[in-house]
Each structure stands twice: as C-alpha cells, then as structure tokens.
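Everything below belongs to coords-v9.cif, which stores mmCIF, C-alpha atoms.
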```
data_query
#
loop_
_atom_site.group_PDB
_atom_site.id
_atom_site.type_symbol
_atom_site.label_atom_id
_atom_site.label_comp_id
_atom_site.auth_asym_id
_atom_site.auth_seq_id
_atom_site.Cartn_x
_atom_site.Cartn_y
_atom_site.Cartn_z
ATOM 1 C CA SER A 1 90.048 85.643 107.955
ATOM 2 C CA SER A 2 87.333 87.050 110.227
ATOM 3 C CA SER A 3 89.558 89.968 111.267
ATOM 4 C CA GLY A 4 92.936 91.594 110.793
ATOM 5 C CA ILE A 5 95.187 90.839 107.851
ATOM 6 C CA GLY A 6 93.101 87.829 106.818
ATOM 7 C CA ALA A 7 89.966 89.919 106.489
ATOM 8 C CA GLY A 8 91.837 92.558 104.512
ATOM 9 C CA VAL A 9 93.233 89.981 102.101
ATOM 10 C CA ALA A 10 89.829 88.328 101.683
ATOM 11 C CA VAL A 11 88.159 91.617 100.763
ATOM 12 C CA ALA A 12 90.959 92.510 98.354
ATOM 13 C CA LEU A 13 90.804 89.122 96.620
ATOM 14 C CA ALA A 14 87.031 89.436 96.279
ATOM 15 C CA GLU A 15 87.516 92.849 94.677
ATOM 16 C CA GLN A 16 89.747 91.121 92.122
ATOM 17 C CA GLY A 17 86.967 88.660 91.274
ATOM 18 C CA ALA A 18 87.840 85.722 93.504
ATOM 19 C CA SER A 19 85.150 83.700 95.259
ATOM 20 C CA VAL A 20 86.233 83.892 98.886
ATOM 21 C CA VAL A 21 85.734 81.657 101.896
ATOM 22 C CA ILE A 22 86.003 83.347 105.276
ATOM 23 C CA ASN A 23 87.230 80.720 107.728
ATOM 24 C CA TYR A 24 86.645 81.438 111.419
ATOM 25 C CA PRO A 25 87.654 79.254 114.369
ATOM 26 C CA ASN A 26 84.723 79.371 116.793
ATOM 27 C CA GLU A 27 81.315 80.865 117.508
ATOM 28 C CA ALA A 28 82.883 83.929 119.119
ATOM 29 C CA GLU A 29 84.232 84.943 115.706
ATOM 30 C CA GLN A 30 81.087 84.099 113.727
ATOM 31 C CA SER A 31 79.599 87.584 113.687
ATOM 32 C CA LYS A 32 82.905 89.107 112.570
ATOM 33 C CA ALA A 33 83.161 86.588 109.740
ATOM 34 C CA GLN A 34 79.604 87.327 108.642
ATOM 35 C CA THR A 35 80.384 91.051 108.638
ATOM 36 C CA ILE A 36 83.173 90.421 106.138
ATOM 37 C CA VAL A 37 80.850 88.297 103.994
ATOM 38 C CA ASP A 38 78.180 91.004 104.080
ATOM 39 C CA HIS A 39 80.733 93.625 103.038
ATOM 40 C CA ILE A 40 81.870 91.518 100.089
ATOM 41 C CA ASP A 41 78.259 90.784 99.099
ATOM 42 C CA ALA A 42 77.488 94.503 99.167
ATOM 43 C CA GLN A 43 80.284 95.033 96.655
ATOM 44 C CA ASN A 44 78.761 92.374 94.370
ATOM 45 C CA GLY A 45 81.422 89.859 95.310
ATOM 46 C CA LYS A 46 81.067 86.197 96.243
ATOM 47 C CA ALA A 47 81.807 85.011 99.763
ATOM 48 C CA ILE A 48 80.718 82.528 102.400
ATOM 49 C CA ALA A 49 81.796 81.994 106.009
ATOM 50 C CA LEU A 50 82.700 78.535 107.298
ATOM 51 C CA GLN A 51 83.735 77.519 110.801
ATOM 52 C CA ALA A 52 86.730 75.229 111.284
ATOM 53 C CA ASP A 53 89.540 74.863 113.792
ATOM 54 C CA VAL A 54 92.542 74.567 111.475
ATOM 55 C CA SER A 55 94.433 72.518 114.034
ATOM 56 C CA ALA A 56 91.832 69.715 113.835
ATOM 57 C CA GLU A 57 92.384 67.311 110.924
ATOM 58 C CA HIS A 58 88.760 66.322 110.377
ATOM 59 C CA GLU A 59 87.574 69.935 110.548
ATOM 60 C CA VAL A 60 90.112 71.013 107.935
ATOM 61 C CA ASP A 61 89.182 68.164 105.602
ATOM 62 C CA ASP A 62 85.490 68.996 106.013
ATOM 63 C CA LEU A 63 86.231 72.665 105.351
ATOM 64 C CA ILE A 64 88.046 71.899 102.099
ATOM 65 C CA LYS A 65 85.210 69.592 100.988
ATOM 66 C CA GLN A 66 82.588 72.275 101.699
ATOM 67 C CA VAL A 67 84.580 74.858 99.783
ATOM 68 C CA SER A 68 84.999 72.550 96.805
ATOM 69 C CA THR A 69 81.292 71.738 96.797
ATOM 70 C CA THR A 70 80.327 75.417 96.878
ATOM 71 C CA PHE A 71 82.885 77.041 94.594
ATOM 72 C CA GLY A 72 84.787 74.198 92.943
ATOM 73 C CA PRO A 73 88.502 73.359 93.280
ATOM 74 C CA ILE A 74 90.601 75.737 95.356
ATOM 75 C CA ASP A 75 92.967 77.920 93.327
ATOM 76 C CA ILE A 76 94.412 80.046 96.149
ATOM 77 C CA LEU A 77 95.045 78.935 99.729
ATOM 78 C CA ILE A 78 96.001 81.571 102.304
ATOM 79 C CA ASN A 79 97.271 79.979 105.512
ATOM 80 C CA ASN A 80 96.777 82.850 107.926
ATOM 81 C CA ALA A 81 95.280 81.523 111.173
ATOM 82 C CA GLY A 82 97.227 82.815 114.136
ATOM 83 C CA ILE A 83 97.151 83.405 117.871
ATOM 84 C CA ALA A 84 99.655 84.962 120.265
ATOM 85 C CA THR A 85 100.462 84.867 123.965
ATOM 86 C CA SER A 86 103.510 86.132 125.810
ATOM 87 C CA ALA A 87 105.684 84.710 128.581
ATOM 88 C CA PRO A 88 109.396 84.143 129.270
ATOM 89 C CA VAL A 89 110.515 80.627 128.401
ATOM 90 C CA GLU A 90 110.835 79.466 132.018
ATOM 91 C CA ALA A 91 107.249 80.543 132.715
ATOM 92 C CA LEU A 92 105.707 79.541 129.396
ATOM 93 C CA PRO A 93 102.887 77.032 129.955
ATOM 94 C CA ILE A 94 103.290 73.884 127.890
ATOM 95 C CA ALA A 95 99.636 74.172 126.906
ATOM 96 C CA ASP A 96 100.321 77.616 125.384
ATOM 97 C CA TRP A 97 103.321 76.260 123.454
ATOM 98 C CA ASP A 98 101.324 73.306 122.131
ATOM 99 C CA ARG A 99 98.234 75.337 121.212
ATOM 100 C CA LEU A 100 100.219 77.995 119.377
ATOM 101 C CA PHE A 101 102.116 75.397 117.333
ATOM 102 C CA ALA A 102 98.856 73.563 116.651
ATOM 103 C CA VAL A 103 97.217 76.642 115.147
ATOM 104 C CA HIS A 104 100.192 78.099 113.286
ATOM 105 C CA VAL A 105 102.221 75.096 112.148
ATOM 106 C CA ARG A 106 99.859 72.121 112.257
ATOM 107 C CA GLY A 107 97.103 74.287 110.742
ATOM 108 C CA THR A 108 99.327 75.364 107.858
ATOM 109 C CA PHE A 109 100.345 71.762 107.237
ATOM 110 C CA LEU A 110 96.817 70.330 107.403
ATOM 111 C CA ALA A 111 95.247 72.863 105.049
ATOM 112 C CA THR A 112 98.122 72.581 102.600
ATOM 113 C CA ARG A 113 98.049 68.799 102.641
ATOM 114 C CA SER A 114 94.317 68.855 101.972
ATOM 115 C CA VAL A 115 94.453 71.108 98.899
ATOM 116 C CA LEU A 116 97.623 69.768 97.263
ATOM 117 C CA PRO A 117 96.152 66.679 95.533
ATOM 118 C CA SER A 118 93.645 68.804 93.603
ATOM 119 C CA MET A 119 96.268 71.415 92.762
ATOM 120 C CA TYR A 120 98.636 68.725 91.523
ATOM 121 C CA GLU A 121 95.895 67.067 89.491
ATOM 122 C CA ARG A 122 94.959 70.348 87.806
ATOM 123 C CA ASP A 123 98.581 71.558 87.696
ATOM 124 C CA THR A 124 97.676 74.967 89.064
ATOM 125 C CA GLY A 125 97.492 76.683 92.428
ATOM 126 C CA LYS A 126 98.897 79.288 94.783
ATOM 127 C CA ILE A 127 99.675 78.643 98.447
ATOM 128 C CA ILE A 128 100.624 81.627 100.605
ATOM 129 C CA ASN A 129 101.704 81.071 104.196
ATOM 130 C CA THR A 130 101.784 83.772 106.852
ATOM 131 C CA ALA A 131 105.044 84.026 108.756
ATOM 132 C CA SER A 132 106.396 87.068 110.620
ATOM 133 C CA GLN A 133 109.482 89.257 110.600
ATOM 134 C CA LEU A 134 109.992 87.953 114.127
ATOM 135 C CA ALA A 135 110.947 84.596 112.622
ATOM 136 C CA TYR A 136 114.163 86.334 111.564
ATOM 137 C CA LYS A 137 114.902 88.585 114.549
ATOM 138 C CA GLY A 138 113.258 86.803 117.481
ATOM 139 C CA ALA A 139 111.480 88.544 120.337
ATOM 140 C CA PRO A 140 111.749 88.215 124.116
ATOM 141 C CA GLY A 141 108.645 86.698 125.603
ATOM 142 C CA PHE A 142 107.535 85.234 122.278
ATOM 143 C CA ALA A 143 109.813 82.216 121.835
ATOM 144 C CA HIS A 144 106.900 79.931 120.928
ATOM 145 C CA TYR A 145 105.482 82.432 118.422
ATOM 146 C CA THR A 146 108.804 83.115 116.702
ATOM 147 C CA ALA A 147 109.677 79.410 116.624
ATOM 148 C CA ALA A 148 106.331 78.613 115.001
ATOM 149 C CA LYS A 149 106.797 81.315 112.381
ATOM 150 C CA GLY A 150 110.292 79.987 111.671
ATOM 151 C CA ALA A 151 108.809 76.525 111.202
ATOM 152 C CA ILE A 152 106.326 77.946 108.678
ATOM 153 C CA LEU A 153 109.203 79.416 106.666
ATOM 154 C CA SER A 154 111.059 76.096 106.649
ATOM 155 C CA PHE A 155 107.878 74.260 105.665
ATOM 156 C CA THR A 156 107.373 76.710 102.791
ATOM 157 C CA ARG A 157 110.883 76.149 101.475
ATOM 158 C CA SER A 158 110.729 72.372 101.708
ATOM 159 C CA LEU A 159 107.367 72.215 99.953
ATOM 160 C CA ALA A 160 108.705 74.487 97.215
ATOM 161 C CA LEU A 161 111.413 71.887 96.567
ATOM 162 C CA GLU A 162 108.854 69.067 96.514
ATOM 163 C CA ILE A 163 106.638 70.845 94.016
ATOM 164 C CA GLY A 164 109.367 70.770 91.377
ATOM 165 C CA ASP A 165 108.266 71.839 87.916
ATOM 166 C CA ARG A 166 104.520 71.829 88.633
ATOM 167 C CA ASN A 167 102.532 74.991 88.013
ATOM 168 C CA VAL A 168 101.899 75.319 91.753
ATOM 169 C CA ASN A 169 103.575 78.035 93.794
ATOM 170 C CA VAL A 170 104.138 78.191 97.537
ATOM 171 C CA ASN A 171 105.506 81.312 99.174
ATOM 172 C CA ALA A 172 105.209 83.235 102.420
ATOM 173 C CA VAL A 173 104.506 86.723 103.660
ATOM 174 C CA ALA A 174 106.239 87.864 106.856
ATOM 175 C CA PRO A 175 104.433 91.008 107.993
ATOM 176 C CA GLY A 176 106.046 93.401 110.410
ATOM 177 C CA ALA A 177 104.184 94.680 113.447
ATOM 178 C CA THR A 178 100.695 95.504 112.180
ATOM 179 C CA LEU A 179 97.746 97.239 113.814
ATOM 180 C CA THR A 180 95.411 94.258 114.145
ATOM 181 C CA PRO A 181 93.488 92.689 117.057
ATOM 182 C CA ILE A 182 96.474 90.448 117.831
ATOM 183 C CA LEU A 183 98.163 93.537 119.335
ATOM 184 C CA ASP A 184 95.182 94.552 121.475
ATOM 185 C CA ASP A 185 96.697 93.182 124.672
ATOM 186 C CA VAL A 186 100.224 94.517 124.083
ATOM 187 C CA PRO A 187 101.004 97.425 126.474
ATOM 188 C CA ASP A 188 101.398 100.865 124.914
ATOM 189 C CA ASP A 189 104.998 101.243 126.079
ATOM 190 C CA ILE A 190 105.978 98.034 124.290
ATOM 191 C CA LEU A 191 104.186 99.140 121.110
ATOM 192 C CA GLU A 192 106.044 102.436 121.284
ATOM 193 C CA ALA A 193 109.369 100.630 121.656
ATOM 194 C CA ILE A 194 108.515 98.538 118.601
ATOM 195 C CA ARG A 195 107.587 101.657 116.638
ATOM 196 C CA LEU A 196 110.875 103.369 117.495
ATOM 197 C CA GLY A 197 112.783 100.393 116.086
ATOM 198 C CA ILE A 198 111.103 100.610 112.675
ATOM 199 C CA PRO A 199 112.882 102.859 110.141
ATOM 200 C CA LYS A 200 109.550 103.932 108.671
ATOM 201 C CA GLY A 201 108.612 105.226 112.109
ATOM 202 C CA ARG A 202 105.239 103.544 112.417
ATOM 203 C CA LEU A 203 103.474 100.213 112.727
ATOM 204 C CA ALA A 204 101.897 98.895 109.550
ATOM 205 C CA ASN A 205 98.262 99.256 108.679
ATOM 206 C CA ILE A 206 96.495 96.285 107.122
ATOM 207 C CA GLU A 207 96.507 97.997 103.717
ATOM 208 C CA ASP A 208 100.322 98.045 103.878
ATOM 209 C CA ILE A 209 100.373 94.244 104.086
ATOM 210 C CA VAL A 210 97.627 93.142 101.705
ATOM 211 C CA PRO A 211 99.426 93.912 98.388
ATOM 212 C CA SER A 212 102.092 91.277 99.109
ATOM 213 C CA TYR A 213 99.420 88.582 99.251
ATOM 214 C CA LEU A 214 97.753 89.867 96.090
ATOM 215 C CA PHE A 215 101.046 89.775 94.217
ATOM 216 C CA LEU A 216 101.878 86.226 95.301
ATOM 217 C CA ALA A 217 98.369 85.108 94.307
ATOM 218 C CA SER A 218 98.730 86.643 90.842
ATOM 219 C CA GLU A 219 100.119 85.334 87.570
ATOM 220 C CA GLY A 220 102.836 87.949 87.936
ATOM 221 C CA ALA A 221 104.350 85.770 90.680
ATOM 222 C CA LYS A 222 104.466 82.560 88.628
ATOM 223 C CA HIS A 223 108.297 82.455 88.846
ATOM 224 C CA ILE A 224 108.347 83.214 92.579
ATOM 225 C CA GLN A 225 108.826 79.953 94.468
ATOM 226 C CA GLY A 226 109.745 79.235 98.086
ATOM 227 C CA GLN A 227 110.267 82.909 98.827
ATOM 228 C CA CYS A 228 109.238 85.225 101.632
ATOM 229 C CA ILE A 229 108.109 88.821 101.181
ATOM 230 C CA SER A 230 108.335 90.915 104.342
ATOM 231 C CA PRO A 231 106.450 94.229 104.376
ATOM 232 C CA ASN A 232 107.903 95.447 107.670
ATOM 233 C CA GLY A 233 108.876 99.096 107.237
ATOM 234 C CA GLY A 234 112.582 98.234 107.374
ATOM 235 C CA ASP A 235 112.398 96.405 110.707
ATOM 236 C CA VAL A 236 114.259 93.433 109.189
ATOM 237 C CA PHE A 237 116.195 93.207 105.934
ATOM 238 C CA LEU A 238 115.851 89.751 104.348
#
```
Would you encode the structure as structure tokens?
Amino acid sequence: SSSGIGAGVAVALAEQGASVVINYPNEAEQSKAQTIVDHIDAQNGKAIALQADVSAEHEVDDLIKQVSTTFGPIDILINNAGIATSAPVEALPIADWDRLFAVHVRGTFLATRSVLPSMYERDTGKIINTASQLAYKGAPGFAHYTAAKGAILSFTRSLALEIGDRNVNVNAVAPGATLTPILDDVPDDILEAIRLGIPKGRLANIEDIVPSYLFLASEGAKHIQGQCISPNGGDVFL
C-alpha cells in the first residue's frame, strides 16, 4: 500500500478511523510508504509502515505478529500486493510467471491464512482481495497476470464457502485500468487503445476505485460474501 490503489485505500480507511498498516515490499518503496504514513499522521490518523515480501511465509507471519502487537487483532485485511510484466506466452520467462504468481496468489493465500485463526476466534473480520477486470476478459501479453487474477477470484469464492455462517466476509474488487504506477511502462498507444474500449471513455483514477473497498470493509456489506465488485467504467459486465 505504498502507492497506487493500496495507498488510496489506506488513506481512506484512516479517514474513517481505522488504524492502518502500510505494507511495502523492499527498501526501494520505504520512502513512499513513509510518505503515506506521514500524510495519515498529519490528518490525526494512526498508521505505521512495515516491510514484508508477501510471497515469503516467514515475512508474512512476522508482519501479522507485528501488526497485532501494535494495534491488536486485525479486523480488515486488504490483499493488494501486485506486480506486472508483459510478454507473449512463447517468450514469457518462467521466472516472471513464478514471481508474479508468488506475489499475487501466494501472497493473498499467506496473508489470509495468517489472519483467519484470529478472525474465526473473534467471529469478526473482513478480507478483501484485489483481482482485475482482466481476469474476466483476458489480455494479450498478460497471460500470467490474468491467470493470477483469475486464481484470486477462485480462491475468494472457495474461502467464502469455507467460512460458512461465521461473521467473517471475504470478497474481491476487480478494478479496471487505473492510472497508477503499474501502468508507467505501458506505451501511450496501448493506453489509448484501452481507453477507447471503455464505455466511460477514460481510465479510472484511484478515487474511482477506493469506494468499492470501503463498502466491502463496512457493516453495510455484512451480507456480501464471495462476490466481486468491478469498478471498470463498463469495460466488463459481470
């Protein structure tokens, strides 16, 4: 949550009174994470920044322990870590496939697995996973990314069935193309082609995406289970 949608959601949750943990993956993102913390602090909110690679089991477990020690049991988990590369399938390096699945899918699983026992024990909690509208429509050159996002949707649905009648909710948000750093390396002509395919006629801003997370984290979503909200400007109809 040191940038992009994650940072926007973190700030919005802090504005609603949540104590927020800004997770960042490496030292290169540390200053960005601290900027978000400083912004929240300036608004009289509560936030800390903690480094952890969500694809590493021991780092995730340590992260959850640090959070619990600082703020108490976790009420809301946003699984939002993501990376992206592009290549046709026949030229896609295996290392890129493995790393992308490790961050997106393994990371979502590890963080969820780590917080579930406490949520079950207290019979309360919200888990919100970040998918993508591309999980539904696919995209040339992004087979590994779309496959990972599809896996996150399937994981969300299966966990929703496991949860049963507990007061714990798991859902997903599948943003459409959004103006975040993940698009920095996408050529302008490709971005324009994406824009032309969106009925709203533009790519999303972060503030277009954040309200879906806030809703799913709220008591108003207590009967929403195993679902996916997709703020995508009409790019895909679920």
- Item | Given the PyMOL selection byres ((chain A and resi 81) around 12), the residues it picks as a count of residues only | 41
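Using all atoms listed in the file, the shortest contact distance between A:Asp185 and any of A:Ala33, A:Ser86, A:Gln51, A:Ile224 is found at A:Ser86.
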Using all atoms listed in the file, which protein or nucleic acid residues come within 12 Å of A:Gly141? Drop anything in the same chain fewer than 5 positions from it, and give the result as a short mmCIF file (atom, residue, chain, number, x, y, z; two decimals) with C-alpha atoms, in the coordinates of the input.
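In the end it all went to out.cif:
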```
data_model
loop_
_atom_site.label_atom_id
_atom_site.label_comp_id
_atom_site.auth_asym_id
_atom_site.auth_seq_id
_atom_site.Cartn_x
_atom_site.Cartn_y
_atom_site.Cartn_z
CA ALA A 84 99.66 84.96 120.26
CA THR A 85 100.46 84.87 123.96
CA SER A 86 103.51 86.13 125.81
CA ALA A 87 105.68 84.71 128.58
CA PRO A 88 109.40 84.14 129.27
CA VAL A 89 110.52 80.63 128.40
CA GLU A 90 110.84 79.47 132.02
CA ALA A 91 107.25 80.54 132.72
CA LEU A 92 105.71 79.54 129.40
CA TRP A 97 103.32 76.26 123.45
CA LEU A 134 109.99 87.95 114.13
CA THR A 146 108.80 83.12 116.70
CA ALA A 147 109.68 79.41 116.62
CA VAL A 186 100.22 94.52 124.08
CA ILE A 190 105.98 98.03 124.29
#
```
- Task: List the residues matched by the PyMOL selection byres ((chain A and resi 125) around 12) in the displayed structure as a ChimeraX atom specification, ordered by chain and then by residue number.
- Result: /A:73-78,112,115-124,126-128,163,166-171,216-219,221-222,225
Resulting file, chosen residues, C-alpha atoms, as an mmCIF file, keeping the file's coordinate frame:
```
data_model
loop_
_atom_site.group_PDB
_atom_site.id
_atom_site.type_symbol
_atom_site.label_atom_id
_atom_site.label_comp_id
_atom_site.auth_asym_id
_atom_site.auth_seq_id
_atom_site.Cartn_x
_atom_site.Cartn_y
_atom_site.Cartn_z
ATOM 1 C CA PRO A 73 88.502 73.359 93.280
ATOM 2 C CA ILE A 74 90.601 75.737 95.356
ATOM 3 C CA ASP A 75 92.967 77.920 93.327
ATOM 4 C CA ILE A 76 94.412 80.046 96.149
ATOM 5 C CA LEU A 77 95.045 78.935 99.729
ATOM 6 C CA ILE A 78 96.001 81.571 102.304
ATOM 7 C CA THR A 112 98.122 72.581 102.600
ATOM 8 C CA VAL A 115 94.453 71.108 98.899
ATOM 9 C CA LEU A 116 97.623 69.768 97.263
ATOM 10 C CA PRO A 117 96.152 66.679 95.533
ATOM 11 C CA SER A 118 93.645 68.804 93.603
ATOM 12 C CA MET A 119 96.268 71.415 92.762
ATOM 13 C CA TYR A 120 98.636 68.725 91.523
ATOM 14 C CA GLU A 121 95.895 67.067 89.491
ATOM 15 C CA ARG A 122 94.959 70.348 87.806
ATOM 16 C CA ASP A 123 98.581 71.558 87.696
ATOM 17 C CA THR A 124 97.676 74.967 89.064
ATOM 18 C CA LYS A 126 98.897 79.288 94.783
ATOM 19 C CA ILE A 127 99.675 78.643 98.447
ATOM 20 C CA ILE A 128 100.624 81.627 100.605
ATOM 21 C CA ILE A 163 106.638 70.845 94.016
ATOM 22 C CA ARG A 166 104.520 71.829 88.633
ATOM 23 C CA ASN A 167 102.532 74.991 88.013
ATOM 24 C CA VAL A 168 101.899 75.319 91.753
ATOM 25 C CA ASN A 169 103.575 78.035 93.794
ATOM 26 C CA VAL A 170 104.138 78.191 97.537
ATOM 27 C CA ASN A 171 105.506 81.312 99.174
ATOM 28 C CA LEU A 216 101.878 86.226 95.301
ATOM 29 C CA ALA A 217 98.369 85.108 94.307
ATOM 30 C CA SER A 218 98.730 86.643 90.842
ATOM 31 C CA GLU A 219 100.119 85.334 87.570
ATOM 32 C CA ALA A 221 104.350 85.770 90.680
ATOM 33 C CA LYS A 222 104.466 82.560 88.628
ATOM 34 C CA GLN A 225 108.826 79.953 94.468
#
```
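If you measure from each of A:Ala160, A:Val11, A:Ile194, A:Ala135 to A:Ala148 using only C-alpha atoms, the closest one turns out to be A:Ala135.
Each of A:Thr70, A:Ala14, A:Ala56, A:Leu196 was compared to A:Asp38 using all atoms listed in the file, and A:Ala14 turns out to be the nearest.
Nearest to A:Glu162 of all the residues A:Lys46, A:Phe71, A:Gly233, A:Gly226 is A:Gly226, counting only C-alpha atoms.
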Test item: write stretch 161-174 of chain A with N, CA, C and O atoms as a short mmCIF file (atom, residue, chain, number, x, y, z; two decimals), in the first residue's frame:
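Saved to out_23.cif:
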```cif
data_model
loop_
_atom_site.label_atom_id
_atom_site.label_comp_id
_atom_site.auth_asym_id
_atom_site.auth_seq_id
_atom_site.Cartn_x
_atom_site.Cartn_y
_atom_site.Cartn_z
N LEU A 161 -17.07 -20.15 0.80
CA LEU A 161 -17.82 -21.36 1.12
C LEU A 161 -17.31 -22.01 2.40
O LEU A 161 -18.09 -22.57 3.18
N GLU A 162 -16.02 -21.93 2.64
CA GLU A 162 -15.46 -22.48 3.88
C GLU A 162 -15.91 -21.72 5.11
O GLU A 162 -16.12 -22.30 6.17
N ILE A 163 -16.05 -20.42 4.98
CA ILE A 163 -16.37 -19.57 6.12
C ILE A 163 -17.73 -19.91 6.70
O ILE A 163 -17.95 -19.83 7.91
N GLY A 164 -18.66 -20.32 5.87
CA GLY A 164 -19.97 -20.74 6.35
C GLY A 164 -20.72 -19.62 7.02
O GLY A 164 -20.83 -18.51 6.50
N ASP A 165 -21.23 -19.89 8.23
CA ASP A 165 -22.09 -18.90 8.89
C ASP A 165 -21.31 -18.01 9.86
O ASP A 165 -21.89 -17.31 10.68
N ARG A 166 -19.99 -18.00 9.78
CA ARG A 166 -19.20 -17.09 10.62
C ARG A 166 -19.44 -15.64 10.21
O ARG A 166 -19.83 -15.35 9.08
N ASN A 167 -19.15 -14.74 11.13
CA ASN A 167 -19.29 -13.31 10.85
C ASN A 167 -17.99 -12.76 10.24
O ASN A 167 -17.46 -11.73 10.66
N VAL A 168 -17.48 -13.50 9.25
CA VAL A 168 -16.28 -13.11 8.53
C VAL A 168 -16.63 -13.08 7.05
O VAL A 168 -17.24 -14.02 6.54
N ASN A 169 -16.28 -12.00 6.39
CA ASN A 169 -16.62 -11.84 4.97
C ASN A 169 -15.37 -11.80 4.12
O ASN A 169 -14.39 -11.14 4.48
N VAL A 170 -15.41 -12.47 2.99
CA VAL A 170 -14.32 -12.39 2.02
C VAL A 170 -14.92 -12.07 0.66
O VAL A 170 -15.86 -12.73 0.20
N ASN A 171 -14.41 -11.03 0.05
CA ASN A 171 -14.87 -10.58 -1.25
C ASN A 171 -13.68 -10.07 -2.05
O ASN A 171 -12.55 -10.06 -1.57
N ALA A 172 -13.95 -9.64 -3.27
CA ALA A 172 -12.88 -9.13 -4.12
C ALA A 172 -13.32 -7.86 -4.84
O ALA A 172 -14.50 -7.62 -5.04
N VAL A 173 -12.33 -7.08 -5.19
CA VAL A 173 -12.52 -5.92 -6.06
C VAL A 173 -11.70 -6.17 -7.32
O VAL A 173 -10.53 -6.55 -7.24
N ALA A 174 -12.32 -5.97 -8.48
CA ALA A 174 -11.62 -6.16 -9.76
C ALA A 174 -11.59 -4.83 -10.50
O ALA A 174 -12.45 -4.54 -11.33
#
```
